[in-house]
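Student: Input file: coords_10.pdb. Contents: PDB, C-alpha atoms.
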```pdb
MODEL        1
ATOM      1  CA  MET A   1      83.525 111.556  91.564
ATOM      2  CA  ILE A   2      80.569 109.251  90.801
ATOM      3  CA  MET A   3      79.836 108.542  87.142
ATOM      4  CA  LYS A   4      76.518 107.009  86.042
ATOM      5  CA  VAL A   5      76.839 104.136  83.572
ATOM      6  CA  ASN A   6      74.320 102.613  81.190
ATOM      7  CA  VAL A   7      75.076  99.296  79.510
ATOM      8  CA  LEU A   8      73.434  98.695  76.123
ATOM      9  CA  ILE A   9      73.363  95.132  74.838
ATOM     10  CA  ASP A  10      72.679  93.945  71.299
ATOM     11  CA  GLY A  11      70.914  90.643  72.034
ATOM     12  CA  GLY A  12      71.859  89.028  68.723
ATOM     13  CA  PHE A  13      75.519  89.929  69.235
ATOM     14  CA  LEU A  14      75.450  88.596  72.805
ATOM     15  CA  GLU A  15      73.852  85.306  71.739
ATOM     16  CA  GLN A  16      76.525  84.855  69.058
ATOM     17  CA  ALA A  17      79.284  85.430  71.640
ATOM     18  CA  LEU A  18      77.694  82.993  74.106
ATOM     19  CA  ARG A  19      77.360  80.295  71.407
ATOM     20  CA  LYS A  20      81.047  80.722  70.592
ATOM     21  CA  GLN A  21      81.890  80.351  74.304
ATOM     22  CA  LYS A  22      79.494  77.368  74.614
ATOM     23  CA  LYS A  23      77.440  79.194  77.247
ATOM     24  CA  THR A  24      73.681  79.435  77.640
ATOM     25  CA  LEU A  25      71.702  82.668  77.455
ATOM     26  CA  SER A  26      70.234  83.497  80.865
ATOM     27  CA  VAL A  27      69.580  86.538  83.033
ATOM     28  CA  ALA A  28      72.334  85.371  85.397
ATOM     29  CA  GLU A  29      74.813  85.159  82.491
ATOM     30  CA  VAL A  30      73.829  88.649  81.303
ATOM     31  CA  GLU A  31      74.299  90.002  84.833
ATOM     32  CA  THR A  32      77.759  88.434  85.015
ATOM     33  CA  ILE A  33      78.771  89.983  81.678
ATOM     34  CA  VAL A  34      77.460  93.411  82.706
ATOM     35  CA  ASN A  35      79.255  93.305  86.061
ATOM     36  CA  GLU A  36      82.513  92.244  84.388
ATOM     37  CA  ALA A  37      82.227  95.047  81.812
ATOM     38  CA  VAL A  38      81.670  97.685  84.510
ATOM     39  CA  SER A  39      84.505  96.249  86.596
ATOM     40  CA  ASN A  40      86.889  96.195  83.603
ATOM     41  CA  LEU A  41      86.020  99.798  82.803
ATOM     42  CA  GLN A  42      86.515 100.800  86.450
ATOM     43  CA  THR A  43      90.020  99.328  86.263
ATOM     44  CA  LYS A  44      90.784 101.306  83.082
ATOM     45  CA  ILE A  45      89.359 104.598  84.402
ATOM     46  CA  GLY A  46      91.069 104.321  87.767
ATOM     47  CA  GLU A  47      90.163 105.236  91.326
ATOM     48  CA  ALA A  48      89.572 108.938  90.653
ATOM     49  CA  TYR A  49      86.102 108.020  89.367
ATOM     50  CA  ASN A  50      83.559 105.678  90.890
ATOM     51  CA  LEU A  51      81.298 103.999  88.324
ATOM     52  CA  SER A  52      77.676 103.470  89.319
ATOM     53  CA  LEU A  53      75.487 101.228  87.157
ATOM     54  CA  PHE A  54      72.313 103.134  86.355
ATOM     55  CA  ARG A  55      70.499 100.867  83.900
ATOM     56  CA  VAL A  56      70.962  98.005  81.450
ATOM     57  CA  LEU A  57      69.056  98.131  78.161
ATOM     58  CA  TYR A  58      68.678  94.893  76.229
ATOM     59  CA  TYR A  59      67.826  95.143  72.517
ATOM     60  CA  ASP A  60      66.320  92.201  70.690
ATOM     61  CA  CYS A  61      63.260  90.949  68.841
ATOM     62  CA  LEU A  62      60.491  88.835  70.254
ATOM     63  CA  PRO A  63      60.705  85.381  68.707
ATOM     64  CA  PHE A  64      58.715  84.744  65.529
ATOM     65  CA  ASP A  65      55.393  83.081  66.368
ATOM     66  CA  GLY A  66      53.819  82.601  62.951
ATOM     67  CA  ILE A  67      53.010  79.490  60.922
ATOM     68  CA  LYS A  68      54.919  78.835  57.685
ATOM     69  CA  ILE A  69      54.916  76.011  55.131
ATOM     70  CA  ARG A  70      58.338  74.517  54.416
ATOM     71  CA  PRO A  71      59.319  73.769  50.796
ATOM     72  CA  ASP A  72      58.704  70.059  51.513
ATOM     73  CA  GLY A  73      55.062  70.907  52.360
ATOM     74  CA  LYS A  74      55.251  70.510  56.137
ATOM     75  CA  GLU A  75      53.523  73.188  58.213
ATOM     76  CA  ILE A  76      55.701  74.680  60.962
ATOM     77  CA  ASP A  77      54.142  76.523  63.909
ATOM     78  CA  PHE A  78      57.048  78.522  65.331
ATOM     79  CA  SER A  79      55.097  79.398  68.492
ATOM     80  CA  LYS A  80      55.275  75.729  69.536
ATOM     81  CA  SER A  81      59.044  75.376  69.151
ATOM     82  CA  SER A  82      61.403  75.029  72.098
ATOM     83  CA  THR A  83      63.415  77.964  70.708
ATOM     84  CA  PHE A  84      60.333  80.198  70.841
ATOM     85  CA  LEU A  85      59.477  79.184  74.397
ATOM     86  CA  ARG A  86      63.061  79.546  75.672
ATOM     87  CA  LYS A  87      63.598  82.971  74.050
ATOM     88  CA  ASN A  88      60.193  84.291  75.090
ATOM     89  CA  THR A  89      60.816  83.242  78.706
ATOM     90  CA  PHE A  90      64.266  84.854  78.707
ATOM     91  CA  LEU A  91      62.998  88.169  77.287
ATOM     92  CA  ASN A  92      60.128  88.273  79.794
ATOM     93  CA  ASP A  93      62.575  87.606  82.630
ATOM     94  CA  ILE A  94      65.033  90.266  81.461
ATOM     95  CA  ALA A  95      62.216  92.840  81.137
ATOM     96  CA  LYS A  96      61.178  92.223  84.774
ATOM     97  CA  HIS A  97      64.729  92.328  86.155
ATOM     98  CA  ASP A  98      65.581  95.293  88.395
ATOM     99  CA  ARG A  99      67.133  98.212  86.495
ATOM    100  CA  TYR A 100      66.918  96.372  83.178
ATOM    101  CA  GLY A 101      64.884  97.526  80.219
ATOM    102  CA  LEU A 102      63.867  95.542  77.154
ATOM    103  CA  ARG A 103      63.768  97.378  73.832
ATOM    104  CA  VAL A 104      62.187  95.249  71.118
ATOM    105  CA  GLY A 105      62.134  95.372  67.366
ATOM    106  CA  GLN A 106      60.284  93.114  64.977
ATOM    107  CA  LEU A 107      61.395  89.777  63.605
ATOM    108  CA  SER A 108      59.992  88.872  60.217
ATOM    109  CA  PHE A 109      60.243  85.633  58.263
ATOM    110  CA  ARG A 110      62.111  86.098  54.979
ATOM    111  CA  ILE A 111      62.551  82.722  53.333
ATOM    112  CA  TRP A 112      63.504  79.104  53.886
ATOM    113  CA  GLY A 113      67.245  78.533  53.506
ATOM    114  CA  GLU A 114      68.788  75.686  51.562
ATOM    115  CA  PRO A 115      68.461  72.376  53.424
ATOM    116  CA  SER A 116      71.345  71.377  55.649
ATOM    117  CA  GLU A 117      71.469  67.676  56.471
ATOM    118  CA  GLY A 118      67.914  67.376  55.167
ATOM    119  CA  VAL A 119      66.548  70.185  57.379
ATOM    120  CA  TYR A 120      65.223  73.484  56.014
ATOM    121  CA  ASN A 121      66.288  76.409  58.179
ATOM    122  CA  PRO A 122      64.218  79.579  58.331
ATOM    123  CA  ILE A 123      65.871  82.907  57.607
ATOM    124  CA  PHE A 124      64.565  85.832  59.635
ATOM    125  CA  GLN A 125      65.229  89.556  59.485
ATOM    126  CA  GLN A 126      65.351  91.960  62.437
ATOM    127  CA  LYS A 127      63.798  95.379  62.038
ATOM    128  CA  GLY A 128      64.017  98.396  64.309
ATOM    129  CA  VAL A 129      66.563  97.075  66.826
ATOM    130  CA  ASP A 130      69.608  98.985  65.541
ATOM    131  CA  MET A 131      67.542 102.153  65.126
ATOM    132  CA  LYS A 132      66.357 102.051  68.756
ATOM    133  CA  PHE A 133      69.880 101.262  69.947
ATOM    134  CA  GLY A 134      71.333 104.249  68.095
ATOM    135  CA  LEU A 135      68.581 106.663  69.050
ATOM    136  CA  ASP A 136      68.900 105.715  72.710
ATOM    137  CA  ILE A 137      72.649 106.407  72.622
ATOM    138  CA  ALA A 138      72.028 109.839  71.119
ATOM    139  CA  VAL A 139      69.154 110.763  73.464
ATOM    140  CA  MET A 140      70.840 109.661  76.700
ATOM    141  CA  SER A 141      73.945 111.575  75.643
ATOM    142  CA  MET A 142      72.221 114.780  74.604
ATOM    143  CA  LYS A 143      70.022 114.804  77.713
ATOM    144  CA  LYS A 144      73.044 114.068  79.940
ATOM    145  CA  ILE A 145      71.280 111.061  81.485
ATOM    146  CA  VAL A 146      74.559 109.197  82.001
ATOM    147  CA  ASP A 147      78.283 109.921  82.003
ATOM    148  CA  VAL A 148      79.395 106.608  80.486
ATOM    149  CA  ILE A 149      77.881 104.180  77.991
ATOM    150  CA  ILE A 150      79.162 100.634  77.607
ATOM    151  CA  ILE A 151      77.955  98.905  74.475
ATOM    152  CA  ILE A 152      78.035  95.174  74.013
ATOM    153  CA  ALA A 153      77.728  95.163  70.252
ATOM    154  CA  GLY A 154      79.830  95.133  67.120
ATOM    155  CA  ASP A 155      77.693  96.732  64.433
ATOM    156  CA  SER A 156      79.131  99.647  62.463
ATOM    157  CA  ASP A 157      75.606 101.176  62.379
ATOM    158  CA  PHE A 158      76.379 102.540  65.847
ATOM    159  CA  ILE A 159      79.284 104.743  64.745
ATOM    160  CA  ALA A 160      77.184 107.895  64.158
ATOM    161  CA  PRO A 161      75.437 107.692  67.564
ATOM    162  CA  LEU A 162      78.784 107.047  69.266
ATOM    163  CA  LYS A 163      80.175 110.195  67.640
ATOM    164  CA  VAL A 164      77.218 112.137  69.054
ATOM    165  CA  ALA A 165      77.785 110.676  72.525
ATOM    166  CA  ARG A 166      81.464 111.620  72.542
ATOM    167  CA  LYS A 167      80.733 115.133  71.234
ATOM    168  CA  GLU A 168      78.287 115.510  74.137
ATOM    169  CA  GLY A 169      81.025 114.556  76.613
ATOM    170  CA  VAL A 170      79.889 111.001  77.324
ATOM    171  CA  LEU A 171      82.593 108.343  77.608
ATOM    172  CA  VAL A 172      82.004 105.289  75.427
ATOM    173  CA  ALA A 173      83.349 101.780  75.987
ATOM    174  CA  ILE A 174      83.015  98.736  73.726
ATOM    175  CA  GLN A 175      82.814  95.212  75.165
ATOM    176  CA  PRO A 176      83.314  92.839  72.189
ATOM    177  CA  LEU A 177      83.119  89.583  74.203
ATOM    178  CA  GLY A 178      85.821  88.033  72.040
ATOM    179  CA  LEU A 179      83.986  88.657  68.770
ATOM    180  CA  PRO A 180      85.427  90.779  65.951
ATOM    181  CA  VAL A 181      84.133  94.341  65.825
ATOM    182  CA  LYS A 182      84.635  96.947  63.128
ATOM    183  CA  ASP A 183      87.804  99.031  63.533
ATOM    184  CA  GLU A 184      85.740 102.178  62.967
ATOM    185  CA  LEU A 185      83.620 101.301  66.000
ATOM    186  CA  ILE A 186      86.720 101.048  68.169
ATOM    187  CA  LYS A 187      88.105 104.318  66.759
ATOM    188  CA  HIS A 188      84.952 106.124  67.819
ATOM    189  CA  SER A 189      84.974 104.839  71.390
ATOM    190  CA  ASP A 190      87.119 105.744  74.379
ATOM    191  CA  PHE A 191      87.788 102.243  75.695
ATOM    192  CA  LYS A 192      87.849  98.691  74.381
ATOM    193  CA  LEU A 193      87.228  96.303  77.267
TER     194      LEU A 193
ENDMDL
END
```
Starting from the coordinates I provided, produce the structure as structure tokens.
Tutor:
Amino acid sequence: MIMKVNVLIDGGFLEQALRKQKKTLSVAEVETIVNEAVSNLQTKIGEAYNLSLFRVLYYDCLPFDGIKIRPDGKEIDFSKSSTFLRKNTFLNDIAKHDRYGLRVGQLSFRIWGEPSEGVYNPIFQQKGVDMKFGLDIAVMSMKKIVDVIIIIAGDSDFIAPLKVARKEGVLVAIQPLGLPVKDELIKHSDFKL
């Protein structure tokens, strides 16, 4: 029996895992992680079912491109930073990749953090990413778009949508990539990869 699989990736969670593993964010790295997750799930499910990757949805915010004044008076144009250019290029590449979809929220500047080694670090806040992630889980489950959802995330905000998915008969797998995830999230999934 063929089972359609969607993989949903929390971009912030993935970046944190890659930093911990000293790896660089790239489309090739994302593809490797997705393929490993599907393969690991195939091993757990067994040969009675054949998993078929339907789509990968990547959730993140476009990088902040505004201009802000640091507490020391220096003007910072975030659109000229190497971080902005690297992240923008990656998100554009992922959006164009076959069978991948980019779901974006908004990134807003909150405040300058306390200086570390003489450098002020900006503090940003994501908006809308978790909501889209959760709604997509619920919709694809209720509309029977896929049979299996693999989430690469660790946020407890996804517990309610995962409950909906399982009630609708969709199998749910969590791929934590070596990062800690909430026990409740694991309890409301079928597999931990």
Student: Evaluate the PyMOL selection byres ((chain A and resi 88-100) around 7) and record the selected residues as a list in words, following the chain and residue labels used in the document.
Tutor: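 Output from the PyMOL selection byres ((chain A and resi 88-100) around 7), applied to this file: Ser26, Val27, Arg55, Val56, Leu57, Leu62, Pro63, Phe84, Leu85, Arg86, Lys87, Gly101 and Leu102 of chain A.
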Student: When you draw a straight line from CA of Val38 in chain A to CA of Gly178 in chain A, how long is it in Å?
Tutor: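 About the pair CA of Val38 in chain A and CA of Gly178 in chain A: they are 16.3 Å apart.
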Student: Spell out the residues picked by the PyMOL selection byres ((chain A and resi 122) around 6) here, as an MDAnalysis selection string.
Tutor: chainID A and resid 112:113 121 123
Student: When you draw a straight line from CA of Val34 in chain A to CA of Leu51 in chain A, how long is it in Å?
Tutor: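 Here the two named atoms are 12.6 Å from each other.
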Student: Quick one: residues within 7 Å of Phe191 in chain A, all atoms listed in the file counted, chain neighbours fewer than 4 positions away excluded, as a compact mmCIF listing (two decimals) with C-alpha atoms, keeping the file's coordinate frame?
Tutor:
```txt
# COMPACT_ATOMS: atom_id res chain seq x y z
CA VAL A 172 82.00 105.29 75.43
CA ALA A 173 83.35 101.78 75.99
CA ILE A 174 83.02 98.74 73.73
```
Student: May I ask you to restore N, CA and C atoms in range 101-124 of chain A and write the result as a short mmCIF file (atom, residue, chain, number, x, y, z; two decimals), keeping the file's coordinate frame?
Tutor:
```
data_model
loop_
_atom_site.label_atom_id
_atom_site.label_comp_id
_atom_site.auth_asym_id
_atom_site.auth_seq_id
_atom_site.Cartn_x
_atom_site.Cartn_y
_atom_site.Cartn_z
N GLY A 101 65.96 97.17 81.13
CA GLY A 101 64.88 97.53 80.22
C GLY A 101 65.01 96.71 78.94
N LEU A 102 63.89 96.30 78.41
CA LEU A 102 63.87 95.54 77.15
C LEU A 102 63.36 96.46 76.05
N ARG A 103 64.15 96.57 74.99
CA ARG A 103 63.77 97.38 73.83
C ARG A 103 63.64 96.41 72.66
N VAL A 104 62.42 96.27 72.14
CA VAL A 104 62.19 95.25 71.12
C VAL A 104 61.93 95.83 69.73
N GLY A 105 62.43 95.10 68.75
CA GLY A 105 62.13 95.37 67.37
C GLY A 105 61.23 94.26 66.86
N GLN A 106 61.13 94.15 65.56
CA GLN A 106 60.28 93.11 64.98
C GLN A 106 61.15 92.10 64.24
N LEU A 107 60.73 90.85 64.32
CA LEU A 107 61.40 89.78 63.60
C LEU A 107 60.43 89.28 62.54
N SER A 108 60.86 89.34 61.29
CA SER A 108 59.99 88.87 60.22
C SER A 108 60.65 87.70 59.48
N PHE A 109 59.80 86.79 59.04
CA PHE A 109 60.24 85.63 58.26
C PHE A 109 60.56 86.11 56.85
N ARG A 110 61.74 85.73 56.34
CA ARG A 110 62.11 86.10 54.98
C ARG A 110 61.90 84.96 54.00
N ILE A 111 62.55 83.82 54.30
CA ILE A 111 62.55 82.72 53.33
C ILE A 111 63.10 81.47 54.03
N TRP A 112 62.86 80.33 53.42
CA TRP A 112 63.50 79.10 53.89
C TRP A 112 64.87 79.00 53.24
N GLY A 113 65.90 78.72 54.03
CA GLY A 113 67.24 78.53 53.51
C GLY A 113 67.39 77.17 52.87
N GLU A 114 68.49 76.98 52.17
CA GLU A 114 68.79 75.69 51.56
C GLU A 114 68.90 74.62 52.66
N PRO A 115 68.41 73.41 52.38
CA PRO A 115 68.46 72.38 53.42
C PRO A 115 69.89 72.00 53.81
N SER A 116 70.07 71.83 55.11
CA SER A 116 71.34 71.38 55.65
C SER A 116 71.07 70.07 56.38
N GLU A 117 71.70 69.01 55.92
CA GLU A 117 71.47 67.68 56.47
C GLU A 117 69.98 67.32 56.45
N GLY A 118 69.32 67.71 55.36
CA GLY A 118 67.91 67.38 55.17
C GLY A 118 66.93 68.27 55.91
N VAL A 119 67.42 69.29 56.59
CA VAL A 119 66.55 70.18 57.38
C VAL A 119 66.56 71.58 56.76
N TYR A 120 65.36 72.11 56.51
CA TYR A 120 65.22 73.48 56.01
C TYR A 120 65.30 74.44 57.21
N ASN A 121 66.16 75.43 57.10
CA ASN A 121 66.29 76.41 58.18
C ASN A 121 65.65 77.72 57.77
N PRO A 122 64.85 78.30 58.65
CA PRO A 122 64.22 79.58 58.33
C PRO A 122 65.24 80.71 58.40
N ILE A 123 65.03 81.71 57.57
CA ILE A 123 65.87 82.91 57.61
C ILE A 123 64.96 84.06 58.01
N PHE A 124 65.35 84.72 59.09
CA PHE A 124 64.56 85.83 59.64
C PHE A 124 65.33 87.14 59.45
#
```
